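Undergrad: Please find start20.csv (CSV, C-alpha atoms) on the next line:
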```
chain,number,residue,atom,x,y,z
A,288,CYS,CA,-4.2,13.6,-14.6
A,289,TYR,CA,-4.2,17.4,-13.8
A,290,GLU,CA,-1.4,19.8,-13.3
A,291,TRP,CA,-1.0,23.5,-12.9
A,292,THR,CA,-0.1,25.5,-16.0
A,293,ASN,CA,3.7,25.8,-16.2
A,294,GLY,CA,3.9,23.7,-13.1
A,295,VAL,CA,3.1,26.8,-10.9
A,296,MET,CA,0.0,27.1,-8.6
A,297,PRO,CA,-1.8,30.4,-9.4
A,298,THR,CA,-2.0,33.1,-6.7
A,299,LEU,CA,-5.3,33.7,-4.9
A,300,ASP,CA,-5.9,36.9,-6.9
A,301,GLU,CA,-5.7,34.9,-10.2
A,302,ILE,CA,-8.4,32.4,-9.1
A,303,GLU,CA,-11.7,33.4,-10.8
A,304,PHE,CA,-15.3,32.4,-10.0
A,305,LEU,CA,-17.0,29.9,-12.4
A,306,PRO,CA,-19.2,31.7,-14.9
A,307,ASP,CA,-23.0,31.5,-14.2
A,308,GLU,CA,-23.6,29.4,-17.3
A,309,LEU,CA,-21.2,26.7,-16.1
A,310,LEU,CA,-22.6,26.9,-12.6
A,311,GLY,CA,-26.0,26.2,-14.0
A,312,GLU,CA,-24.8,23.2,-15.9
A,313,LEU,CA,-23.3,21.8,-12.7
A,314,ASN,CA,-26.6,22.3,-10.9
A,315,LEU,CA,-24.9,24.7,-8.5
A,316,THR,CA,-26.9,27.8,-9.5
A,317,ASP,CA,-29.0,27.6,-6.3
A,318,ASN,CA,-25.9,27.6,-4.2
A,319,LYS,CA,-24.2,30.3,-6.2
A,320,ASN,CA,-24.9,33.2,-3.9
A,321,SER,CA,-23.9,31.4,-0.7
A,322,GLU,CA,-20.7,30.0,-2.3
A,323,LYS,CA,-19.8,33.4,-3.7
A,324,LYS,CA,-20.3,35.0,-0.3
A,325,LEU,CA,-18.1,32.3,1.3
A,326,TYR,CA,-15.3,32.9,-1.2
A,327,GLU,CA,-15.6,36.6,-1.1
A,328,GLY,CA,-15.3,36.5,2.6
A,329,ILE,CA,-12.1,34.5,2.4
A,330,LEU,CA,-10.4,36.2,-0.6
A,331,ASN,CA,-11.3,39.8,0.2
A,332,GLY,CA,-11.3,39.9,4.0
A,333,GLU,CA,-10.2,38.3,7.2
A,334,ILE,CA,-11.5,35.3,9.0
A,335,LYS,CA,-11.3,36.2,12.6
A,336,GLU,CA,-10.9,34.1,15.7
A,337,GLY,CA,-14.2,32.4,16.6
A,338,SER,CA,-15.2,31.7,13.0
A,339,ARG,CA,-12.0,30.3,11.6
A,340,ASN,CA,-12.7,26.6,12.1
A,341,SER,CA,-16.2,26.7,10.9
A,342,THR,CA,-15.4,28.8,7.8
A,343,MET,CA,-12.4,26.7,6.8
A,344,ALA,CA,-14.4,23.5,7.4
A,345,SER,CA,-17.1,24.8,5.1
A,346,LEU,CA,-14.5,25.7,2.4
A,347,ILE,CA,-12.8,22.3,2.7
A,348,GLY,CA,-16.1,20.5,2.3
A,349,LYS,CA,-17.0,22.4,-0.8
A,350,GLN,CA,-13.5,22.0,-2.4
A,351,LEU,CA,-13.4,18.3,-1.8
A,352,LYS,CA,-16.2,17.9,-4.4
A,353,LEU,CA,-14.2,19.9,-7.0
A,354,PHE,CA,-10.8,18.1,-6.5
A,355,PRO,CA,-10.2,14.4,-7.5
A,356,GLU,CA,-9.5,12.3,-4.4
A,357,SER,CA,-6.0,11.7,-5.5
A,358,GLU,CA,-5.3,15.5,-5.1
A,359,TRP,CA,-6.9,15.9,-1.7
A,360,HIS,CA,-3.7,15.5,0.3
A,361,THR,CA,-1.5,17.2,-2.2
A,362,ASN,CA,-2.9,20.2,-4.2
A,363,LEU,CA,-6.0,20.8,-2.1
A,364,TRP,CA,-4.1,20.5,1.2
A,365,SER,CA,-1.5,23.0,-0.1
A,366,LEU,CA,-4.3,25.4,-1.1
A,367,ILE,CA,-6.0,25.1,2.3
A,368,GLN,CA,-2.7,25.9,4.1
A,369,VAL,CA,-2.2,29.0,2.0
A,370,LEU,CA,-5.7,30.3,2.7
A,371,ASN,CA,-5.2,29.6,6.4
A,372,GLN,CA,-2.0,31.5,6.5
A,373,GLU,CA,-3.1,34.5,4.4
A,374,HIS,CA,-6.7,35.0,5.6
A,375,CYS,CA,-7.2,33.6,9.1
A,376,LYS,CA,-6.2,36.1,11.7
A,377,PRO,CA,-4.5,34.5,13.5
A,378,PRO,CA,-4.0,31.4,11.4
A,379,LEU,CA,-5.4,28.2,12.8
A,380,PRO,CA,-2.7,26.0,14.5
A,381,MET,CA,-1.5,23.4,11.9
A,382,PRO,CA,-2.5,20.4,14.1
A,383,GLU,CA,-6.0,21.8,14.4
A,384,LEU,CA,-6.3,22.6,10.7
A,385,GLU,CA,-4.9,19.1,9.7
A,386,LYS,CA,-7.3,17.4,12.1
A,387,THR,CA,-10.3,19.2,10.6
A,388,PHE,CA,-9.1,18.5,7.1
A,389,LYS,CA,-8.6,14.8,7.6
A,390,SER,CA,-12.0,14.5,9.5
A,391,ILE,CA,-13.9,16.1,6.6
A,392,CYS,CA,-12.0,14.0,4.0
A,393,ASN,CA,-12.9,10.8,5.9
A,394,SER,CA,-16.6,11.9,6.1
A,395,GLU,CA,-16.7,12.7,2.4
A,396,ARG,CA,-15.1,9.4,1.5
A,397,ALA,CA,-17.6,7.5,3.7
A,398,ASN,CA,-20.5,9.4,2.2
A,399,THR,CA,-19.3,8.8,-1.3
A,400,SER,CA,-18.8,5.1,-0.6
A,401,LYS,CA,-22.3,4.8,0.9
A,402,THR,CA,-23.9,6.6,-2.0
A,403,SER,CA,-22.0,4.5,-4.5
A,404,SER,CA,-23.1,1.3,-2.8
A,405,GLU,CA,-26.7,2.4,-2.7
A,406,LYS,CA,-26.7,3.1,-6.4
A,407,GLU,CA,-24.4,0.2,-7.5
A,408,THR,CA,-25.6,-1.9,-10.4
A,409,PHE,CA,-24.0,-5.0,-11.7
A,410,LYS,CA,-23.1,-5.6,-15.3
A,411,VAL,CA,-24.1,-8.9,-16.9
A,412,VAL,CA,-21.6,-10.2,-19.5
A,413,THR,CA,-23.5,-12.1,-22.2
A,414,GLY,CA,-22.2,-15.5,-23.5
A,415,GLN,CA,-21.6,-13.8,-26.9
A,416,GLU,CA,-19.5,-11.1,-25.2
A,417,MET,CA,-17.6,-13.8,-23.3
A,418,MET,CA,-16.7,-15.6,-26.5
A,419,HIS,CA,-15.0,-12.4,-27.9
A,420,ILE,CA,-12.9,-11.5,-24.8
A,421,LYS,CA,-9.2,-11.8,-25.3
A,422,PRO,CA,-7.6,-13.0,-22.0
A,423,GLY,CA,-4.8,-10.7,-20.9
A,424,GLY,CA,-1.1,-11.5,-20.5
A,425,LYS,CA,0.4,-13.3,-17.6
A,426,PRO,CA,-0.8,-11.7,-14.4
A,427,TYR,CA,2.5,-12.2,-12.5
A,428,LEU,CA,4.9,-9.9,-10.7
A,429,VAL,CA,7.2,-12.9,-10.4
A,430,ASP,CA,6.3,-15.6,-12.9
A,431,GLN,CA,4.0,-18.2,-11.2
A,432,LEU,CA,5.1,-17.2,-7.7
A,433,ILE,CA,3.7,-13.7,-7.0
A,434,TYR,CA,0.5,-12.4,-8.7
A,435,LEU,CA,0.1,-8.8,-9.8
A,436,ARG,CA,-2.3,-6.6,-7.8
A,437,THR,CA,-3.3,-9.3,-5.3
A,438,ILE,CA,-2.4,-10.5,-1.8
A,439,ASN,CA,0.4,-13.0,-1.6
A,440,ALA,CA,1.6,-15.0,1.4
A,441,ILE,CA,4.9,-16.4,2.5
A,442,THR,CA,4.6,-18.5,5.7
A,443,ALA,CA,7.1,-20.5,7.8
A,444,ASP,CA,8.0,-21.3,11.4
A,445,THR,CA,9.9,-18.6,13.3
A,446,GLY,CA,13.5,-18.3,12.3
A,447,LYS,CA,13.3,-20.2,9.1
A,448,GLY,CA,14.3,-17.3,6.8
A,449,LYS,CA,11.0,-15.7,5.6
A,450,SER,CA,12.5,-12.2,5.7
A,451,LEU,CA,15.7,-13.4,4.0
A,452,PHE,CA,13.8,-15.1,1.1
A,453,ALA,CA,11.6,-12.0,0.8
A,454,LEU,CA,14.6,-9.8,0.4
A,455,ILE,CA,15.9,-12.0,-2.4
A,456,LEU,CA,12.5,-11.8,-4.1
A,457,VAL,CA,12.5,-8.0,-3.6
A,458,LYS,CA,15.9,-7.5,-5.2
A,459,HIS,CA,14.8,-9.2,-8.4
A,460,ILE,CA,11.5,-7.3,-8.4
A,461,ALA,CA,13.4,-4.0,-8.0
A,462,SER,CA,15.9,-4.8,-10.8
A,463,GLY,CA,13.4,-6.6,-13.1
A,464,LYS,CA,15.9,-9.4,-13.5
A,465,LYS,CA,14.9,-13.1,-13.6
A,466,LEU,CA,14.6,-14.7,-10.2
A,467,PHE,CA,17.3,-17.5,-10.1
A,468,ASP,CA,17.6,-17.0,-13.9
A,469,VAL,CA,14.3,-19.0,-14.1
A,470,PHE,CA,11.3,-16.9,-13.1
A,471,GLU,CA,10.5,-13.7,-15.1
A,472,THR,CA,9.8,-10.6,-13.1
A,473,GLN,CA,8.1,-7.2,-13.7
A,474,GLN,CA,10.3,-4.3,-12.4
A,475,LYS,CA,8.5,-2.4,-9.7
A,476,LYS,CA,9.5,0.0,-6.9
A,477,VAL,CA,9.1,-1.7,-3.5
A,478,LEU,CA,8.3,-0.6,0.0
A,479,ILE,CA,9.0,-3.0,3.0
A,480,LEU,CA,7.2,-2.4,6.3
A,481,ASP,CA,9.3,-4.4,8.8
A,482,GLN,CA,8.1,-4.5,12.3
A,483,GLU,CA,10.1,-7.5,13.6
A,484,MET,CA,13.8,-7.1,13.1
A,485,ASP,CA,16.0,-4.3,14.6
A,486,GLY,CA,17.5,-1.6,12.4
A,487,ASP,CA,21.1,-2.8,12.5
A,488,LEU,CA,20.2,-6.3,11.2
A,489,ILE,CA,17.9,-4.7,8.5
A,490,ALA,CA,20.7,-2.4,7.4
A,491,GLU,CA,23.2,-5.2,7.2
A,492,ARG,CA,21.0,-7.5,5.2
A,493,TYR,CA,19.8,-4.6,3.0
A,494,GLN,CA,23.4,-3.6,2.0
A,495,GLU,CA,24.4,-7.3,1.4
A,496,ILE,CA,21.4,-8.3,-0.6
A,497,ILE,CA,19.7,-5.2,-2.2
A,498,GLY,CA,23.0,-3.5,-2.8
A,499,GLU,CA,23.0,-1.7,-6.2
A,500,ASP,CA,19.2,-1.9,-6.5
A,501,TYR,CA,18.7,0.4,-3.5
A,502,LYS,CA,17.0,3.2,-5.6
A,503,ASN,CA,13.9,0.9,-6.0
A,504,VAL,CA,13.6,-0.5,-2.4
A,505,ASP,CA,12.5,1.7,0.5
A,506,TYR,CA,12.0,0.7,4.2
A,507,VAL,CA,9.8,1.5,7.2
A,508,TYR,CA,11.2,-0.1,10.3
A,509,GLU,CA,11.1,0.2,14.1
A,510,GLN,CA,7.8,2.0,13.8
A,511,SER,CA,4.3,0.8,14.6
A,512,TRP,CA,2.0,0.7,11.5
A,513,GLN,CA,-1.4,-1.1,11.6
A,514,ILE,CA,-3.9,-1.4,8.7
A,515,THR,CA,-6.8,-1.4,11.2
A,516,ASP,CA,-5.9,2.2,12.2
A,517,PRO,CA,-7.6,4.6,9.7
A,518,ALA,CA,-4.8,7.1,9.8
A,519,SER,CA,-2.2,4.4,9.1
A,520,PHE,CA,-4.2,3.0,6.3
A,521,GLU,CA,-4.6,6.5,4.7
A,522,TRP,CA,-0.9,7.2,5.1
A,523,LEU,CA,0.1,4.0,3.4
A,524,ARG,CA,-2.4,4.4,0.6
A,525,ASP,CA,-1.2,8.0,-0.1
A,526,ILE,CA,2.5,7.1,0.1
A,527,ILE,CA,2.1,4.2,-2.4
A,528,ILE,CA,0.5,6.6,-4.8
A,529,LYS,CA,2.9,9.5,-4.2
A,530,ASN,CA,6.1,7.4,-4.4
A,531,GLY,CA,4.9,5.0,-7.1
A,532,TYR,CA,5.3,1.7,-5.2
A,533,GLY,CA,4.2,-1.3,-7.2
A,534,CYS,CA,4.9,-3.8,-4.4
A,535,VAL,CA,4.6,-3.6,-0.6
A,536,VAL,CA,6.0,-6.3,1.7
A,537,LEU,CA,4.4,-6.6,5.2
A,538,ASP,CA,6.7,-8.3,7.7
A,539,THR,CA,4.8,-9.8,9.5
A,540,PHE,CA,1.1,-10.2,9.2
A,541,THR,CA,0.6,-10.4,13.0
A,542,ASN,CA,2.0,-6.9,13.5
A,543,ILE,CA,-0.1,-5.1,10.9
A,544,HIS,CA,-3.4,-5.3,12.8
A,545,SER,CA,-4.8,-5.1,16.3
A,546,SER,CA,-7.5,-7.8,15.8
A,547,ASP,CA,-8.0,-11.4,17.0
A,548,GLU,CA,-6.3,-13.7,14.6
A,549,ASN,CA,-8.5,-16.6,15.7
A,550,SER,CA,-11.6,-14.7,14.8
A,551,SER,CA,-12.9,-15.3,11.3
A,552,ASN,CA,-14.9,-12.0,11.3
A,553,ASP,CA,-11.8,-10.0,12.5
A,554,MET,CA,-9.6,-11.5,9.8
A,555,LYS,CA,-12.3,-10.9,7.1
A,556,GLU,CA,-12.1,-7.2,8.0
A,557,VAL,CA,-8.3,-7.2,7.8
A,558,ASN,CA,-8.5,-8.9,4.4
A,559,ARG,CA,-11.1,-6.4,3.3
A,560,LEU,CA,-8.7,-3.5,4.1
A,561,LEU,CA,-5.8,-5.2,2.3
A,562,LEU,CA,-8.0,-5.7,-0.8
A,563,GLN,CA,-9.2,-2.1,-0.6
A,564,LEU,CA,-5.6,-1.0,-0.5
A,565,VAL,CA,-4.9,-3.1,-3.7
A,566,LYS,CA,-8.0,-1.7,-5.4
A,567,GLU,CA,-7.2,1.9,-4.6
A,568,THR,CA,-3.5,1.8,-5.5
A,569,ASP,CA,-3.0,-1.3,-7.9
A,570,VAL,CA,-0.2,-2.4,-5.6
A,571,THR,CA,0.9,-6.0,-5.1
A,572,LEU,CA,1.0,-7.1,-1.5
A,573,ILE,CA,3.2,-9.8,0.0
A,574,TYR,CA,2.8,-10.6,3.7
A,575,LEU,CA,5.0,-12.8,5.8
A,576,HIS,CA,3.3,-14.9,8.5
A,577,HIS,CA,4.2,-17.5,11.2
A,578,HIS,CA,3.0,-21.1,11.5
A,579,ARG,CA,1.1,-22.3,14.5
A,580,LYS,CA,2.7,-25.0,16.6
A,581,LEU,CA,2.4,-28.2,14.7
A,582,MET,CA,1.4,-31.5,16.4
A,583,ARG,CA,4.0,-34.3,16.5
A,584,GLY,CA,4.3,-35.9,13.0
A,585,GLU,CA,2.1,-33.2,11.4
A,586,LYS,CA,3.4,-31.9,8.0
A,587,ALA,CA,3.2,-28.2,7.3
A,588,THR,CA,0.5,-27.4,4.8
A,589,GLN,CA,-1.6,-24.4,3.8
A,590,SER,CA,-3.6,-24.8,7.0
A,591,ALA,CA,-0.4,-24.6,9.1
A,592,SER,CA,-0.6,-20.8,9.2
A,593,ARG,CA,-1.3,-19.4,12.7
A,594,GLY,CA,-4.9,-18.2,13.4
A,595,SER,CA,-8.1,-18.4,11.4
A,596,THR,CA,-8.1,-20.0,8.0
A,597,GLU,CA,-9.6,-16.7,6.8
A,598,ILE,CA,-6.1,-15.2,7.0
A,599,GLY,CA,-5.0,-17.1,3.9
A,600,ALA,CA,-8.4,-17.1,2.2
A,601,LYS,CA,-7.7,-14.1,0.0
A,602,ALA,CA,-4.1,-14.9,-0.9
A,603,ALA,CA,-3.7,-15.5,-4.7
A,604,SER,CA,-0.4,-17.3,-4.0
A,605,HIS,CA,0.8,-19.0,-0.8
A,606,LEU,CA,4.5,-20.0,-0.6
A,607,LEU,CA,5.4,-22.3,2.3
A,608,LEU,CA,9.0,-22.2,3.4
A,609,ASP,CA,11.2,-24.5,5.4
A,610,SER,CA,15.0,-24.4,6.1
A,611,LYS,CA,17.9,-25.7,8.1
A,612,ARG,CA,21.0,-23.7,9.0
A,613,GLU,CA,24.6,-25.0,9.4
A,614,LYS,CA,28.2,-23.9,9.0
A,615,ASP,CA,30.3,-25.2,6.1
A,616,ARG,CA,34.0,-26.0,6.3
A,617,ASP,CA,34.9,-22.4,5.4
A,618,GLY,CA,32.9,-21.0,8.3
A,619,ASN,CA,30.1,-19.7,6.1
A,620,ILE,CA,26.5,-19.8,7.5
A,621,VAL,CA,24.5,-21.8,5.0
A,622,THR,CA,20.7,-21.6,5.1
A,623,SER,CA,19.2,-24.5,3.0
A,624,MET,CA,15.7,-23.5,2.0
A,625,THR,CA,12.8,-25.4,0.4
A,626,ILE,CA,9.9,-23.4,-1.0
A,627,GLU,CA,6.6,-25.1,-1.9
A,628,GLN,CA,3.6,-23.4,-3.5
A,629,VAL,CA,0.6,-24.7,-1.6
A,630,LYS,CA,-2.0,-22.3,-3.2
A,631,ALA,CA,-2.1,-20.8,-6.7
A,632,ARG,CA,-4.9,-18.8,-8.2
A,633,ARG,CA,-4.2,-20.4,-11.6
A,634,PRO,CA,-3.9,-24.1,-12.3
A,635,GLY,CA,-0.5,-25.6,-12.1
A,636,SER,CA,1.5,-24.6,-9.0
A,637,ILE,CA,5.3,-24.8,-9.2
A,638,GLU,CA,7.2,-27.8,-8.2
A,639,ALA,CA,8.9,-27.5,-4.8
A,640,MET,CA,12.2,-25.7,-5.2
A,641,SER,CA,15.3,-25.3,-3.1
A,642,LEU,CA,18.2,-22.9,-2.7
A,643,ASN,CA,21.2,-22.3,-0.4
A,644,VAL,CA,21.7,-18.9,1.0
A,645,ILE,CA,25.4,-18.4,2.0
A,646,HIS,CA,26.5,-15.7,4.4
A,647,ASN,CA,30.2,-15.0,4.8
A,648,PRO,CA,30.6,-13.3,8.2
A,649,GLU,CA,34.2,-12.1,7.4
A,650,SER,CA,33.5,-10.5,4.1
A,651,LYS,CA,30.0,-9.6,5.1
A,652,THR,CA,28.5,-10.9,1.8
A,653,THR,CA,25.4,-12.9,1.1
A,654,THR,CA,25.0,-15.0,-2.0
A,655,TRP,CA,22.6,-17.8,-3.0
A,656,ASP,CA,22.6,-20.9,-5.2
A,657,TYR,CA,19.3,-22.1,-6.8
A,658,LEU,CA,19.2,-25.9,-6.7
```
Before we go any further, please render this structure as structure tokens.
TA:
Amino acid sequence: CYEWTNGVMPTLDEIEFLPDELLGELNLTDNKNSEKKLYEGILNGEIKEGSRNSTMASLIGKQLKLFPESEWHTNLWSLIQVLNQEHCKPPLPMPELEKTFKSICNSERANTSKTSSEKETFKVVTGQEMMHIKPGGKPYLVDQLIYLRTINAITADTGKGKSLFALILVKHIASGKKLFDVFETQQKKVLILDQEMDGDLIAERYQEIIGEDYKNVDYVYEQSWQITDPASFEWLRDIIIKNGYGCVVLDTFTNIHSSDENSSNDMKEVNRLLLQLVKETDVTLIYLHHHRKLMRGEKATQSASRGSTEIGAKAASHLLLDSKREKDRDGNIVTSMTIEQVKARRPGSIEAMSLNVIHNPESKTTTWDYL
């Protein structure tokens, strides 16, 4: 991790060139004169209209190699904006500068990925080494139910309470308290991307269920976000890192992509992007998804999810939810839920469990009983 001395970014006058000896060790000696000319042109003069974009593009490209990728959109972007304002006459419009910056970042990332894959080698772990490996602790965000740093699925028919159950899960993840006083949790900050419910219902449920744990649960709603859009993917990856989210809930799977859910190849690409997000941020993903229309007499199983079977192929845990809703004698709305784990990465999935979620319309409170 890097930070500016005393937490303050140095002024441009304080930035010195690397010494020749160090440039030589970095194999940059051959480019020393051209780089020095570029920096001198920026730091000691003006970049006039007609050469602003090309000069700034060249500078961005060179600086990307010197900054870790985690700082591209923070420290480096701040530096580029300062250089633009102080040395481009007139400064490049911000949308144009940002477009150039993002384009070069994407190109550099793609080139790095290509180079890495071309040079990739695989490590063989010998039998002797295997015998001395100490398995890690429990890999759970919620004991047995939600696996750390993986994709997890919650599926049900429309209107069965997926979002409601997910909020109850999130509350316990945000607080670090045992779910239903039974399942251990690891406390994490959570981001929910909800693209189904309207804002009023979201706010009502949030206040009733999340309540005092609000500092660890953030929301994005009534906005279109799709993982298949490079800019959207980049935004989510960066915001997870910046805000320290350990868990992201995607409600629902159907709304996070623009691909054909019945196409195995399309869904493989969506899963690839989800796994890439996990790999780059160490986040735990939970997505909510609908069931297809079941045939008469057919029981909901893991294959009941709508679309290609590839959708659930990468899920470490798959929770299947069903419910019925009725009013009790006091006028409360009671949602009786059953949750079954139909897929678990590790042996021994949980027994089917049930709970009642009780909503009191008069007092505007929501509670639950684990049965």
Undergrad: List the spatial neighbours of Pro634 in chain A as a list in words - criterion: any atom at most 12 Å away, only C-alpha atoms, same-chain residues fewer than 5 positions off excluded.
TA: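 With the cut-off at 12 Å, the set is Gln431, Ala603, Ser604, Gln628 and Val629 of chain A.
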Undergrad: Quote the spacing between CA of Asn393 in chain A and CA of Leu370 in chain A in Å to one decimal place.
TA: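 The value is 21.0 Å.
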Undergrad: Calculated over only C-alpha atoms, which of the candidates A:Tyr493, A:Tyr508, A:Phe388, A:Phe354 has the smallest distance to Ile367 in chain A?
TA: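 The answer is A:Phe388, which sits nearest to Ile367 in chain A.
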Undergrad: In terms of the shortest atom-to-atom distance over all atoms listed in the file, which of A:Gln415, A:Asn558, A:Leu428, A:Leu572 is closest to Glu597 in chain A?
TA: A:Asn558
Undergrad: Would you please work out which residue, of A:Leu353, A:Ile489, A:Leu607, A:Ile626, is nearest to His578 in chain A when using all atoms listed in the file?
TA: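 Answer, going by the shortest atom-to-atom distance: A:Leu607.
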Undergrad: What's the separation between CA of Asn503 in chain A and CA of Asn643 in chain A, in Å to one decimal place?
TA: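 Atom-to-atom, CA of Asn503 in chain A and CA of Asn643 in chain A are spaced 25.0 Å apart.
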Undergrad: If you count all atoms listed in the file, which residues fall within 10 Å of Ser551 in chain A, apart from same-chain ones fewer than 6 positions away, as a list of chain:residue names?
TA: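 Here the qualifying residues turn out to be A:Val557, A:Gly594, A:Ser595, A:Thr596, A:Glu597, A:Ile598.
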Undergrad: Skip Glu499 in chain A itself and residues of its chain fewer than 3 positions away, then list as a list in words all residues within 12 Å of it, counting all atoms listed in the file.
TA: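 What passes the distance filter is Lys458, His459, Ala461, Ser462, Tyr493, Gln494, Glu495, Ile496, Lys502, Asn503 and Val504 of chain A.
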Undergrad: Between A:Met418, A:Val369, A:Val507, A:Ile438, which has the minimum distance to Asp569 in chain A (counting all atoms listed in the file)?
TA: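 So, comparing all the options, the nearest one is A:Ile438.
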Undergrad: At a cut-off of 9 Å from (5.3, -10.3, 13.3) in the coordinates of the file, what residues are picked up using only C-alpha atoms, written as an mmCIF file with C-alpha atoms, in the frame of the given file?
TA:
```
data_model
loop_
_atom_site.group_PDB
_atom_site.id
_atom_site.type_symbol
_atom_site.label_atom_id
_atom_site.label_comp_id
_atom_site.auth_asym_id
_atom_site.auth_seq_id
_atom_site.Cartn_x
_atom_site.Cartn_y
_atom_site.Cartn_z
ATOM 1 C CA ASP A 481 9.300 -4.400 8.800
ATOM 2 C CA GLN A 482 8.100 -4.500 12.300
ATOM 3 C CA GLU A 483 10.100 -7.500 13.600
ATOM 4 C CA LEU A 537 4.400 -6.600 5.200
ATOM 5 C CA ASP A 538 6.700 -8.300 7.700
ATOM 6 C CA THR A 539 4.800 -9.800 9.500
ATOM 7 C CA PHE A 540 1.100 -10.200 9.200
ATOM 8 C CA THR A 541 0.600 -10.400 13.000
ATOM 9 C CA ASN A 542 2.000 -6.900 13.500
ATOM 10 C CA ILE A 543 -0.100 -5.100 10.900
ATOM 11 C CA LEU A 575 5.000 -12.800 5.800
ATOM 12 C CA HIS A 576 3.300 -14.900 8.500
ATOM 13 C CA HIS A 577 4.200 -17.500 11.200
#
```
Undergrad: Find the spatial neighbours of Glu613 in chain A, counting only C-alpha atoms, within a cut-off of 12 Å - ignore same-chain residues fewer than 2 positions away - and output them as an MDAnalysis selection string.
TA: chainID A and resid 610:611 615:624 643:646
Undergrad: Since fewer atoms than expected are present, regenerate all heavy atoms for range 562-567 of chain A and write them as a CSV table (one decimal), in the coordinates of the input.
TA:
```csv
chain,number,residue,atom,x,y,z
A,562,LEU,N,-7.5,-5.8,0.6
A,562,LEU,CA,-8.0,-5.7,-0.8
A,562,LEU,C,-8.4,-4.3,-1.2
A,562,LEU,O,-8.3,-3.9,-2.4
A,562,LEU,CB,-9.2,-6.7,-0.9
A,562,LEU,CG,-8.9,-8.2,-0.8
A,562,LEU,CD1,-10.2,-9.0,-0.7
A,562,LEU,CD2,-8.1,-8.6,-2.0
A,563,GLN,N,-8.9,-3.5,-0.2
A,563,GLN,CA,-9.2,-2.1,-0.6
A,563,GLN,C,-7.9,-1.4,-0.9
A,563,GLN,O,-7.9,-0.6,-1.9
A,563,GLN,CB,-9.9,-1.5,0.7
A,563,GLN,CG,-10.3,0.0,0.4
A,563,GLN,CD,-10.9,0.6,1.6
A,563,GLN,OE1,-11.4,-0.1,2.5
A,563,GLN,NE2,-10.9,1.9,1.7
A,564,LEU,N,-6.8,-1.7,-0.2
A,564,LEU,CA,-5.6,-1.0,-0.5
A,564,LEU,C,-5.1,-1.4,-2.0
A,564,LEU,O,-4.6,-0.6,-2.7
A,564,LEU,CB,-4.5,-1.5,0.5
A,564,LEU,CG,-3.2,-0.7,0.5
A,564,LEU,CD1,-3.4,0.7,0.8
A,564,LEU,CD2,-2.2,-1.4,1.4
A,565,VAL,N,-5.3,-2.7,-2.3
A,565,VAL,CA,-4.9,-3.1,-3.7
A,565,VAL,C,-5.8,-2.4,-4.7
A,565,VAL,O,-5.3,-1.9,-5.7
A,565,VAL,CB,-5.1,-4.7,-3.8
A,565,VAL,CG1,-5.0,-5.1,-5.2
A,565,VAL,CG2,-4.1,-5.4,-2.9
A,566,LYS,N,-7.1,-2.3,-4.4
A,566,LYS,CA,-8.0,-1.7,-5.4
A,566,LYS,C,-7.7,-0.3,-5.6
A,566,LYS,O,-7.8,0.2,-6.7
A,566,LYS,CB,-9.5,-1.9,-4.9
A,566,LYS,CG,-10.5,-1.4,-5.8
A,566,LYS,CD,-11.9,-1.6,-5.3
A,566,LYS,CE,-13.0,-1.0,-6.2
A,566,LYS,NZ,-14.4,-1.3,-5.7
A,567,GLU,N,-7.4,0.5,-4.5
A,567,GLU,CA,-7.2,1.9,-4.6
A,567,GLU,C,-5.8,2.3,-5.2
A,567,GLU,O,-5.6,3.4,-5.6
A,567,GLU,CB,-7.4,2.6,-3.3
A,567,GLU,CG,-8.9,2.5,-2.8
A,567,GLU,CD,-9.1,3.2,-1.5
A,567,GLU,OE1,-8.2,3.9,-1.0
A,567,GLU,OE2,-10.2,3.0,-0.9
```
